[in-house]
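Q: Input: one structure, supplied below.
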Amino acid sequence: MPAVPVPPYPGVTVYELPSNVHTITGVSTSLTAFVGIAPTGPVNVLTRIQSFAEYTTTFGSVDPSCEMSYAVMQYFLNGGQDSWVIRVAPGATTATLAIQDNFGNPALDFTAVNGGFAGNGLAVVIDWPSADPNRFTVTLTSMPDANGNTTVEQYGGLSMNATDPKFVEAMINGVSNMVTVKRDPGAVFGHGSSQNKAPASFTINASHNTIRVSVDGGSPITVTFPSPSANTDIVNTLTTTLGAIATATNPSGNTFVITSASTSDHSSVVVMPGLQNDASRVLGFGTANGGIEADGSSPARPKPSPDPGKLTSGPVTPAAFPTQSIALTLDGGRPVNVLIPVGGLPLTNPPDFNNFANAIQTAVRSFRPTVPAFANFTATFDSGTHIITLASGTRGPTSSVVVANAGTDTLATDLQLTLPPATQTAGGSQVLSGGSQLPLTTANAYATFVPSPASKQGIYALEDADIFNILCLPGITDASTLIDAAAYCESRRAFLIVDPPANQKPMDIEALVTGTSVPKSDHAAIYYPNIQIGDPLTGGLRLSAPSGTVAGIYARIDGRRGVWKAPAGTEANLVGVQKLEYTMTDGENGIINPVGANGIRLLNPYGIVSWGARTLMGADDIGSQYKYVPVRRLALYIEESLRRGTQWAVFEPNDEPLWAQIRLNVGTFMNTLFRQGAFEGASPRDAYFVKCDSETTQQADIDRGVVNIIVGFAPLKPAEFVMIAITQIAGQLAA
């Protein structure tokens, strides 16, 4: 007990003593890592995903060419709660887009955040929404997903000036989930300038004769004009006062322009009110007075994008319009029949087709809750030419307007909205392109999934994960890839679920497992056969690899029963699985089970269930102590929990007090598992032991700074074979 300080006054004193208890918290058991192909998302980047909705937001919806998408869907459907996802893309290149300024010089270079095909078609729209010559807006729109939904990002008030707080690179890079942007090294800058809003007339007198001018961010220079001043006096006074740093001109009327002598992105001229006798309002200088101040980056602004897609009618003439519907297609979407209430609209001679334009616009926009593209649709009528113009509300590669007659109605023809004589104008095509990736093949699988560990790509992106428990490579059957993946799982105390090749019979699986095509590792298990699940894209069945579904079962059983319970049996039903690629008989199950392959069986009335719990070292003739999946995974759980839970002991004095604390804390953790039913035995003495004393840690160990802890446990092995013996008793005759 530490020394207790004597209080300076009589009474009761309460003080705290440090506790010897360091609680050991069990780690996760079913945090699953998926590595595979995906339609979109960051490449070789570790991403935490906790629902399938999160997955689709980042990596896209299910895709026929991406087995991982179905595996993740099945994982969460079967009880998975948490996962890591790593997208790989063999030989990926990244989509790009170069945009010029208004003079044809290079301005901005956009690069997709996500490599491969993911960035292709991403639309970039440039706007100059205000009179400020230095500012522009960038709007980014993703390609529609499988449900037709797009993501939009907008960045306003941007500048090409690297010293500006809203420099385009600073505002977009690291913020956008779609692109990075770089000001092109060839961007051409000009002179900073300040142009006044020319007054109809002005009077310079003793009360209004000074302004202050800052050139290139320098200290303001006071300019005092003579009273009175003519235009030449204004120019001469500015030129004389500012000297070599700026010049002044009077291009026309009462317009004056002050131009910096330098050319750079931050070259500028800013006019401020004079401290006394201000003339800036009289002359219209400064943005507060309607003047225009352009910095040197203004000429390098990216040029505005083309207008939206438009449809322009032929000249509309008076006619009766008994029909009321048109078929409208916007931005390449689905055609929608739009009812136009023309019957009650007044016709005049000459006709006022503003009524019709307004009716069309109102009717189309009423569809916006169900067809978002209709929200900003416009319809206008030119009374001079009698032409109706329909315009999409978006700009980009798919911006377009197509009109046809709806059924038997001929309103589209009556209003001359059909082609010809209507004229179709498509929207701008400023989209990223050039992203590509190779198809995944046996030849490139190994380099894609298990490159150099130092690269942190493929499965080695998991180096950035604090922990993962299960690894799935959905649909990957390449032997070299699986062997290295199993070895990596061994180094990280994790477990690999292996998928079988397609079109295999039980005897093929027996040969596969006993051969060299799968890892001989107790940190891995294989499940057979492949499964058939409902495909949300087609409504039919899809043949799929079982690893994601089985990982979900692991998570479900861990949560309900504990990691020591075999993820197999009648409660291990495969949710969402409707058929099996191959339906085994009992005898065929007896072919694969003894060699360490786990069957997936159709067992009535339980449905399709996992019916095996052996590791790939679980063959009967191997005799591994980690023959069974739950024993191996329980050991991994204990190892990782104790490794993390005893970190406090590092650098503590290596003697009996430390050893006693270790025995206490580790023993408490093991006893908790015993009470939860994790071990065999009727008492703690039968179930586990913790030894840390002078026998395990001798003086030589102490001298080397080592403390040895030995923990043993009696695992519960699953009952694979339930034997029932039946006998008859002979009836006895009454005496």
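Labeling convention for the structure tokens: chains A, B, ... as they appear, residues from 1 per chain, ligands from 1 in order of appearance.
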Any idea what's packed within 10 Å of Leu108 (chain A), counting only C-alpha atoms, ignoring anything in its chain fewer than 3 positions away? Could you give it as a VMD selection string?
A: chain A and resid 97 to 101 105 111 160 168 to 169 181 to 187 300 to 303
Q: List the neighbours of Val316 (chain A) out to 8 Å using only C-alpha atoms; skip same-chain residues closer than 2 positions along the sequence, and give me the result as number ranges by chain.
A: A: 313-314, 318, 386-388, 415-416
Q: Would you output that residue set with C-alpha atoms, as an mmCIF file, in the first residue's frame?
A:
```cif
data_model
loop_
_atom_site.group_PDB
_atom_site.id
_atom_site.type_symbol
_atom_site.label_atom_id
_atom_site.label_comp_id
_atom_site.auth_asym_id
_atom_site.auth_seq_id
_atom_site.Cartn_x
_atom_site.Cartn_y
_atom_site.Cartn_z
ATOM 1 C CA SER A 313 -40.393 24.862 -83.090
ATOM 2 C CA GLY A 314 -41.227 26.051 -86.534
ATOM 3 C CA PRO A 318 -53.507 29.885 -85.764
ATOM 4 C CA HIS A 386 -43.966 32.884 -83.448
ATOM 5 C CA ILE A 387 -41.427 30.247 -82.345
ATOM 6 C CA ILE A 388 -41.757 28.134 -79.185
ATOM 7 C CA LEU A 415 -47.324 23.186 -82.493
ATOM 8 C CA GLN A 416 -44.545 22.199 -84.958
#
```
Q: Could you give me, as a list in words, the residues within 8 Å of Ser547 (chain A), counting only C-alpha atoms and dropping anything in the same chain fewer than 4 positions from it?
A: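 The neighbour list is Ala71, Cys472, Leu473, Pro474, Ile497, Val498, Asp499, Tyr527 and Ala551 of chain A.
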Q: Generate a file of the selected residues that holds N, CA and C atoms, formatted as a PDB file, in the first residue's frame.
A:
```pdb
ATOM      1  N   ALA A  71     -21.855 -10.109 -53.219  1.00  0.00           N
ATOM      2  CA  ALA A  71     -21.354 -10.681 -51.968  1.00  0.00           C
ATOM      3  C   ALA A  71     -21.621  -9.750 -50.794  1.00  0.00           C
ATOM      4  N   CYS A 472     -12.824 -11.856 -47.548  1.00  0.00           N
ATOM      5  CA  CYS A 472     -13.518 -12.469 -48.681  1.00  0.00           C
ATOM      6  C   CYS A 472     -12.991 -11.865 -49.977  1.00  0.00           C
ATOM      7  N   LEU A 473     -12.642 -12.732 -50.913  1.00  0.00           N
ATOM      8  CA  LEU A 473     -12.279 -12.318 -52.273  1.00  0.00           C
ATOM      9  C   LEU A 473     -13.332 -12.922 -53.191  1.00  0.00           C
ATOM     10  N   PRO A 474     -14.509 -12.320 -53.291  1.00  0.00           N
ATOM     11  CA  PRO A 474     -15.659 -12.969 -53.941  1.00  0.00           C
ATOM     12  C   PRO A 474     -15.357 -13.430 -55.367  1.00  0.00           C
ATOM     13  N   ILE A 497     -12.352 -16.873 -46.148  1.00  0.00           N
ATOM     14  CA  ILE A 497     -13.413 -17.740 -46.671  1.00  0.00           C
ATOM     15  C   ILE A 497     -13.185 -17.885 -48.172  1.00  0.00           C
ATOM     16  N   VAL A 498     -12.984 -19.117 -48.614  1.00  0.00           N
ATOM     17  CA  VAL A 498     -12.620 -19.411 -50.000  1.00  0.00           C
ATOM     18  C   VAL A 498     -13.858 -19.839 -50.781  1.00  0.00           C
ATOM     19  N   ASP A 499     -13.975 -19.313 -52.005  1.00  0.00           N
ATOM     20  CA  ASP A 499     -15.071 -19.695 -52.898  1.00  0.00           C
ATOM     21  C   ASP A 499     -14.629 -20.830 -53.814  1.00  0.00           C
ATOM     22  N   TYR A 527     -16.306 -23.338 -48.922  1.00  0.00           N
ATOM     23  CA  TYR A 527     -17.715 -23.753 -48.887  1.00  0.00           C
ATOM     24  C   TYR A 527     -18.164 -24.088 -50.304  1.00  0.00           C
ATOM     25  N   ALA A 551     -19.970 -15.284 -44.718  1.00  0.00           N
ATOM     26  CA  ALA A 551     -19.449 -14.298 -43.765  1.00  0.00           C
ATOM     27  C   ALA A 551     -20.585 -13.663 -42.971  1.00  0.00           C
TER      28      ALA A 551
END
```
Q: Would you mind listing what lies within 10 Å of Phe679 (chain A) as JSON, numbers by chain, with only C-alpha atoms counted and same-chain residues fewer than 3 positions away left out?
A: {"A": [564, 631, 634, 670, 671, 673, 674, 675, 676, 682, 683, 684, 686, 687, 688, 713, 714, 715, 716, 717]}
Q: For a quick check of understanding, using only C-alpha atoms, which of A:Gly562, A:Gly552, A:Gly396, A:Gly119 has the smallest distance to Asp82 (chain A)?
A: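 Result for the nearest residue to Asp82 (chain A): A:Gly552.
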Q: I'd like to know which of A:Ala327, A:Val6, A:Ile24, A:Cys489 is closest to Phe669 (chain A), using only C-alpha atoms.
A: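 So, comparing all the options, the nearest one is A:Ile24.
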Q: May I have the residues within 12 Å of Glu588 (chain A) as a ChimeraX atom specification, using only C-alpha atoms and disregarding those fewer than 5 positions away in the same chain?
A: /A:505-510,528-529,582-583,593-594,597-601
Q: Let's have the selection written as a JSON list (two decimals), in the first residue's frame, with C-alpha atoms.
A:
```
[["chain", "number", "residue", "atom", "x", "y", "z"],
["A", 505, "LYS", "CA", -18.98, -31.90, -58.76],
["A", 506, "PRO", "CA", -18.22, -33.19, -55.24],
["A", 507, "MET", "CA", -15.41, -35.38, -56.57],
["A", 508, "ASP", "CA", -13.89, -32.29, -58.23],
["A", 509, "ILE", "CA", -13.94, -30.47, -54.89],
["A", 510, "GLU", "CA", -12.30, -33.45, -53.21],
["A", 528, "TYR", "CA", -19.34, -25.70, -51.74],
["A", 529, "PRO", "CA", -21.35, -25.34, -53.97],
["A", 582, "TYR", "CA", -25.38, -28.46, -57.29],
["A", 583, "THR", "CA", -27.56, -30.30, -54.79],
["A", 593, "ASN", "CA", -16.39, -33.42, -45.53],
["A", 594, "PRO", "CA", -13.51, -35.78, -44.59],
["A", 597, "ALA", "CA", -14.50, -28.89, -47.43],
["A", 598, "ASN", "CA", -17.79, -27.56, -46.04],
["A", 599, "GLY", "CA", -21.07, -28.36, -47.70],
["A", 600, "ILE", "CA", -24.03, -26.09, -48.30],
["A", 601, "ARG", "CA", -27.11, -28.31, -48.21]]
```
